[in-house]
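Undergrad: The structure is given below, and queries will be raised subsequently.
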Amino acid sequence: VVVRLRQHSAVGKKTVSLRRNPKREPKQGPTPRLVLGYGGFWLLLDEAHICTLAVHPGWRGRGLGELLLTSLIDHATELHVAVMTLEVRASNLGAQKLYRKYGFVRVGLHKGYYSDNHEDALIMGTEHISSAAFQGRFQALKASLWPRLAAGGFSMQVDYQVTETRRR
């Protein structure tokens, strides 16, 4: 199975591909393609606002959400972004734990933010992502993620594709 996780921004696109190790897979016929996860952010001046980050329910708990988050932070760092922000459902404790692990803290609350059930959203943000403290913690966490993914049978390939856009 090849999983392509894409990030789009005003200046380019970065594709992260995960490949399952076929030696760890049972012999079967062709596997249908399945989107396992996706993430993206809006670039607002010096802020990257994560507007979406999702992993297929059957693939949660395997490090894919963390991989997406680290890829978004890496890309924001490359774009010289100062801080990152996001909203998360008040009931989504697993996502909040992941975000706190990577230095996001609660900075506000949107009451009744989600239209499907009027659930509150926590607003979370980071310190300056290029600071030595943030980067030191981030690089250590990212380094510990690769062995976890490899143990799950994934190998990593990162492709960069830059597209030109006009800024008005």
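By order of appearance in the structure tokens: chains A, B, ..., then residues from 1 within every chain, and ligands from 1 in the order shown.
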With only C-alpha atoms as the counted atoms, please give the residues lying no more than 12 Å from region 44-58 of chain A, apart from itself and same-chain residues fewer than 2 positions off, as a ChimeraX atom specification.

TA: /A:3,5-10,34-42,60-88,92,95,98-99,104,123-130,167

Undergrad: Go ahead and compute the interatomic distance for CA of Gly112 (chain A) and CA of Ala90 (chain A), in Å to one decimal.

TA: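 Result for CA of Gly112 (chain A) versus CA of Ala90 (chain A): 10.2 Å, one decimal.
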
Undergrad: Name the closest residue to Trp59 (chain A) among the candidates A:Gly152, A:Lys101, A:Lys111, A:Leu43; distances are taken between atoms, counting only C-alpha atoms.

TA: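 Looking at the shortest contact to Trp59 (chain A), the residue is A:Gly152.
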
Undergrad: Give the strand (DSSP E) residues of region 62-99 of chain A, as DSSP finds them on the backbone, and put them as a PyMOL selection string.

TA: chain A and resi 83-89

Undergrad: Write out as a ChimeraX atom specification all residues of region 74-120 of chain A that backbone DSSP assigns to helix (DSSP H, G or I).

TA: /A:74-78,93-101
